[in-house]
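Notes to accompany the following structure.
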2 protein chains.
Amino acid sequence: MTESVIIHGDIIYSKNMRELACFEDSWLVCDSGASGGVYRSREDIPARYKAYPVVDHSGCLIIPGFTDLHLHAPQFAFRGLGMDKQLIDWLDQVAFPEEAKYADTRYADMAYRMFAEAMRNSGTARALIYGTHHTDATMLLMDNLEKTGLVTMVGKVNMDRNCPDYICEKDHETSLAETERWLKLTAERNYANTYPILTPRFIPACSDKLMIGLANIQGREHLPLQSHLSENEDEVKWVSKLCPWSTSYGQAYDRFGCFGANGPTVMAHCVWSTDEEMLLIKKNNVFVAHCPASNMNLASGMAPIRKYISMKIKVGLGTDVGAGHCKSMFDAMVQAVEVSKLYWKYVDRHAKPLTMEEAFCLATRSGGSFFGRCGAFDPGYEFDALVLDEREIRTPIADLSLKQRLERFIYLGEYRDIKAKYVRGSQVII
Amino acid sequence: MTESVIIHGDIIYSKNMRELACFEDSWLVCDSGASGGVYRSREDIPARYKAYPVVDHSGCLIIPGFTDLHLHAPQFAFRGLGMDKQLIDWLDQVAFPEEAKYADTRYADMAYRMFAEAMRNSGTARALIYGTHHTDATMLLMDNLEKTGLVTMVGKVNMDRNCPDYICEKDHETSLAETERWLKLTAERNYANTYPILTPRFIPACSDKLMIGLANIQGREHLPLQSHLSENEDEVKWVSKLCPWSTSYGQAYDRFGCFGANGPTVMAHCVWSTDEEMLLIKKNNVFVAHCPASNMNLASGMAPIRKYISMKIKVGLGTDVGAGHCKSMFDAMVQAVEVSKLYWKYVDRHAKPLTMEEAFCLATRSGGSFFGRCGAFDPGYEFDALVLDEREIRTPIADLSLKQRLERFIYLGEYRDIKAKYVRGSQVII
């Protein structure tokens, strides 16, 4: 149930990539699911909000909920396992064998229930999530996510070639027919917070006909689409062989109609994007889901995030569960900053490391913008908020600023330190 | 009080860098503070241990306690803060201003109490710890650590040049006299588990006469010594200017007598060590404390750990609180593996990434060997053990091996998931 409340505490959010809006001891209004703004004193609260009940979180940090732009629900099962491989071997030996289990809806329901609970308890308010190619299991994933109160876009995965028989869809017709069936089921369910997103796994696993078919569906249904792009150098070479006519991996997606032309599109990783590919990402308003932990774990590399930010490409962060082991989006922010420092040191001395403000903006306002107006407390923005409990992060220093407290929490806090969570104005029970 | 007990559970420890010893549903004997070995069935337990009380941790993972080879107690206060700087600026703007506060023993006692509690609650059983240059504050640090039951080596820091007046010792005579006073005080305290370790901050902050004086004390007192080596490229250049006669940073330490000739020595970081320096590290049996988080956070670089391991140089892990933000040694292991993958990808394709087994060995047996026979459950080894609670790390996968459970815990567990902790056979209250 969407609440109208006023939350009292120390409020902080991103104004933009460079600046934080900091309001100590202030009042954050939630007006029927949307932000009514932040006020430095109770007297400043507009009369129309004054009767709303006040929830007292004095002394607690209050920040926007996070958007996780890329993760795989069936891979939750093996988080922290099988980390000694690179992408292609990891898919064959770790990811695919687990994903195959989701043909069994009983297993899927049990696994997705655990996954949904973990998502509910995390700092994530919104997420773009891959299921498997199994339509019925993906419906169970969506059913379980809907119960959490989180806002998610969930994809039945399409994959009709170049993967083991036991996990490969029969052909593009089957894959497309199952996609239509899945879309019909999601429409019937009439979810409040759970949306379908088209999810071709990646070009190596999707035939040309499948890609074109998905582009048609996207155009017809005005759906968003998510996939993987230029994650691993061998993968990039593979795509150039599979699509010998392409000038880049991104241009191959574009030629199929799956690179922003037919609807909002997110591409995960973009570690090895060429200049041409970057320009196409920019031109087509494609979002980049930066997954630093995954890119380290699978030894994929370091994405040129400073460049994307300079080009004003839209970037957000992804945990990429399960290749990413991040325990939370807090970890993802730290990893983004860390990797950007090594990128600066080893790859490009012009690529200034990310600041904490930038990493925080990626995880909130910037990534959140894929969902529209969320990830900040600007008046009218959808109301996603986290109340943070700093008691476990002790220090003898008495006079930390809000900004310092936020930085410290990002580096040292975790999901167990979240005291309350609101998504679209409703409190999520954690 | 040292216990003699038998612990029942799923026991796992490093045999060596490559191999784990795994004992499911087995019995680990603690015999008056030392390991009495691991037995696969109750019948196999030697008669002389059979009367010991059994502590039932069935189903829990039991691993050796960790050794943290490098951290700064006064920097605990600003963990997770000021991460947008490199070494020299970070010292001047973040570390030194905080360390200066430890002239006030009231502040020091409050701060070190918090630090000691955090250490007690962590997975760390043993640690090499820097204080500040203040003798009295360092005694308070040692007093507080002694109460935890952890085994630590703690250093009053020496620094008599090239740092701000407010944190610089007057001259080498003052610094050496304070060192003698400190050693006298530690001898009087007669600690059971807390030992002094000589701690010249690093060559830039220590005059030649101070270094030579410390080498003399080391030889006379048979004390261990810790310092920093080749962390940052600018620092390495600075040392070559300060010691124009030196052929490497390490050789400068060696010429002063502070590089293993006068006693066991640990050098933190070793990111930019030259081949010559590496050979000297090896020849002198100097330990390398690898601090991957710190090296990322201060944009120092990536240490060539594969090379050190191949050369059979002794390596352990350090959290390097506060330039390292690691919440625990679990994080340090993950970061060591991650960084080694980027090192392989960007610096040296012959430097195979670290495996989980290697990272675990670094954190236990390898780093622990600085303290003698500890970090494993070989019979006769000092008994440091952690009992891990995996309940927070849910998965639908039913049949994980011990090795997989360990890997998963390293990636996803944290201090709050430690159920019990033993150091030298005594249970630490966490």
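Residues are referred to by chain and number: the chain letter is A, B, ... according to the order shown in the structure tokens, the number counts from 1 in that chain, and ligands are numbered separately from 1 in the order shown.
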Residues within 9 Å of segment 210-213 of chain A, only C-alpha atoms, excluding chain neighbours under 6 positions, as a PyMOL selection string | chain A and resi 158-160+171-173+175-176+200+203+253+255-258
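Excluding segment 276-283 of chain A itself and any same-chain residue fewer than 3 positions from it, the protein and nucleic acid residues within 9 Å of it, counting only C-alpha atoms, are A:Thr247, A:Ser248, A:Tyr249, A:Gly250, A:Gln251, A:Asp254, A:Phe259, A:Gly260, A:Met267, A:Cys270, A:Ser273, A:Val286, A:Phe287, A:Val288, A:Tyr308, A:Met311, A:Lys312, A:Ile313, A:Lys314.
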Which residues of chain B have any atom within 6 Å of an atom in chain A when counting only C-alpha atoms, and what is the closest pair of atoms for each, with the distance in Å to one decimal? Order the rows by chain and rising number and write it as CSV.
```
residue,atom,partner,partner_atom,distance
B:Ala77,CA,A:Thr395,CA,4.8
B:Gly80,CA,A:Arg408,CA,4.5
B:Leu81,CA,A:Arg408,CA,5.7
B:Ala111,CA,A:Pro396,CA,5.2
B:Met296,CA,A:Glu338,CA,5.4
B:Asn297,CA,A:Glu338,CA,5.9
B:Ala299,CA,A:Lys341,CA,5.3
B:Glu338,CA,A:Met296,CA,5.4
B:Lys341,CA,A:Ala299,CA,5.3
B:Thr395,CA,A:Ala77,CA,4.8
B:Pro396,CA,A:Ala111,CA,5.2
B:Arg408,CA,A:Gly80,CA,4.4
B:Tyr411,CA,A:Gly80,CA,5.1
```
Got time to write the residues from that selection, N, CA and C atoms, as a PDB file, in the first residue's frame?
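As written to disk, out-v4.pdb reads:
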```pdb
ATOM      1  N   ALA B  77      39.879   4.683  12.435  1.00  0.00           N
ATOM      2  CA  ALA B  77      38.910   5.768  12.606  1.00  0.00           C
ATOM      3  C   ALA B  77      38.348   6.257  11.280  1.00  0.00           C
ATOM      4  N   GLY B  80      37.213   3.846   4.980  1.00  0.00           N
ATOM      5  CA  GLY B  80      36.163   4.209   4.030  1.00  0.00           C
ATOM      6  C   GLY B  80      36.045   5.700   3.786  1.00  0.00           C
ATOM      7  N   LEU B  81      37.030   6.474   4.218  1.00  0.00           N
ATOM      8  CA  LEU B  81      36.984   7.932   3.996  1.00  0.00           C
ATOM      9  C   LEU B  81      38.241   8.406   3.273  1.00  0.00           C
ATOM     10  N   ALA B 111      39.609   5.316  21.009  1.00  0.00           N
ATOM     11  CA  ALA B 111      39.718   4.854  19.618  1.00  0.00           C
ATOM     12  C   ALA B 111      40.253   3.419  19.561  1.00  0.00           C
ATOM     13  N   MET B 296      44.571  -0.576  -4.665  1.00  0.00           N
ATOM     14  CA  MET B 296      43.565  -0.034  -5.584  1.00  0.00           C
ATOM     15  C   MET B 296      43.108   1.332  -5.101  1.00  0.00           C
ATOM     16  N   ASN B 297      42.772   1.434  -3.820  1.00  0.00           N
ATOM     17  CA  ASN B 297      42.180   2.667  -3.303  1.00  0.00           C
ATOM     18  C   ASN B 297      43.093   3.877  -3.476  1.00  0.00           C
ATOM     19  N   ALA B 299      45.316   4.069  -5.725  1.00  0.00           N
ATOM     20  CA  ALA B 299      45.766   4.004  -7.117  1.00  0.00           C
ATOM     21  C   ALA B 299      47.261   3.736  -7.200  1.00  0.00           C
ATOM     22  N   GLU B 338      40.992 -10.975  -7.514  1.00  0.00           N
ATOM     23  CA  GLU B 338      40.520 -10.043  -8.544  1.00  0.00           C
ATOM     24  C   GLU B 338      41.683  -9.282  -9.186  1.00  0.00           C
ATOM     25  N   LYS B 341      43.805 -11.153 -11.531  1.00  0.00           N
ATOM     26  CA  LYS B 341      43.204 -11.371 -12.850  1.00  0.00           C
ATOM     27  C   LYS B 341      43.452 -10.164 -13.752  1.00  0.00           C
ATOM     28  N   THR B 395      21.343 -20.801  -0.845  1.00  0.00           N
ATOM     29  CA  THR B 395      21.383 -21.297  -2.224  1.00  0.00           C
ATOM     30  C   THR B 395      20.435 -22.480  -2.334  1.00  0.00           C
ATOM     31  N   PRO B 396      19.826 -22.667  -3.507  1.00  0.00           N
ATOM     32  CA  PRO B 396      18.999 -23.861  -3.693  1.00  0.00           C
ATOM     33  C   PRO B 396      19.845 -25.108  -3.983  1.00  0.00           C
ATOM     34  N   ARG B 408      32.658 -20.014  -1.520  1.00  0.00           N
ATOM     35  CA  ARG B 408      31.463 -19.198  -1.402  1.00  0.00           C
ATOM     36  C   ARG B 408      31.525 -18.302  -0.174  1.00  0.00           C
ATOM     37  N   TYR B 411      33.841 -15.386  -0.704  1.00  0.00           N
ATOM     38  CA  TYR B 411      33.254 -14.336  -1.541  1.00  0.00           C
ATOM     39  C   TYR B 411      32.086 -13.619  -0.863  1.00  0.00           C
TER      40      TYR B 411
END
```
Helix (DSSP H, G or I) call set, DSSP backbone run, segment 56-280 of chain B, as a PyMOL selection string = chain B and resi 73-78+87-103+105-121+135-148+165-167+172-189+203-205+208-221+233-242+249-256+275-280
Figure out the distance between atom CA of Leu140 of chain A and atom CA of Leu225 of chain A, please, to one decimal in Å.
->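 The value is 20.1 Å.
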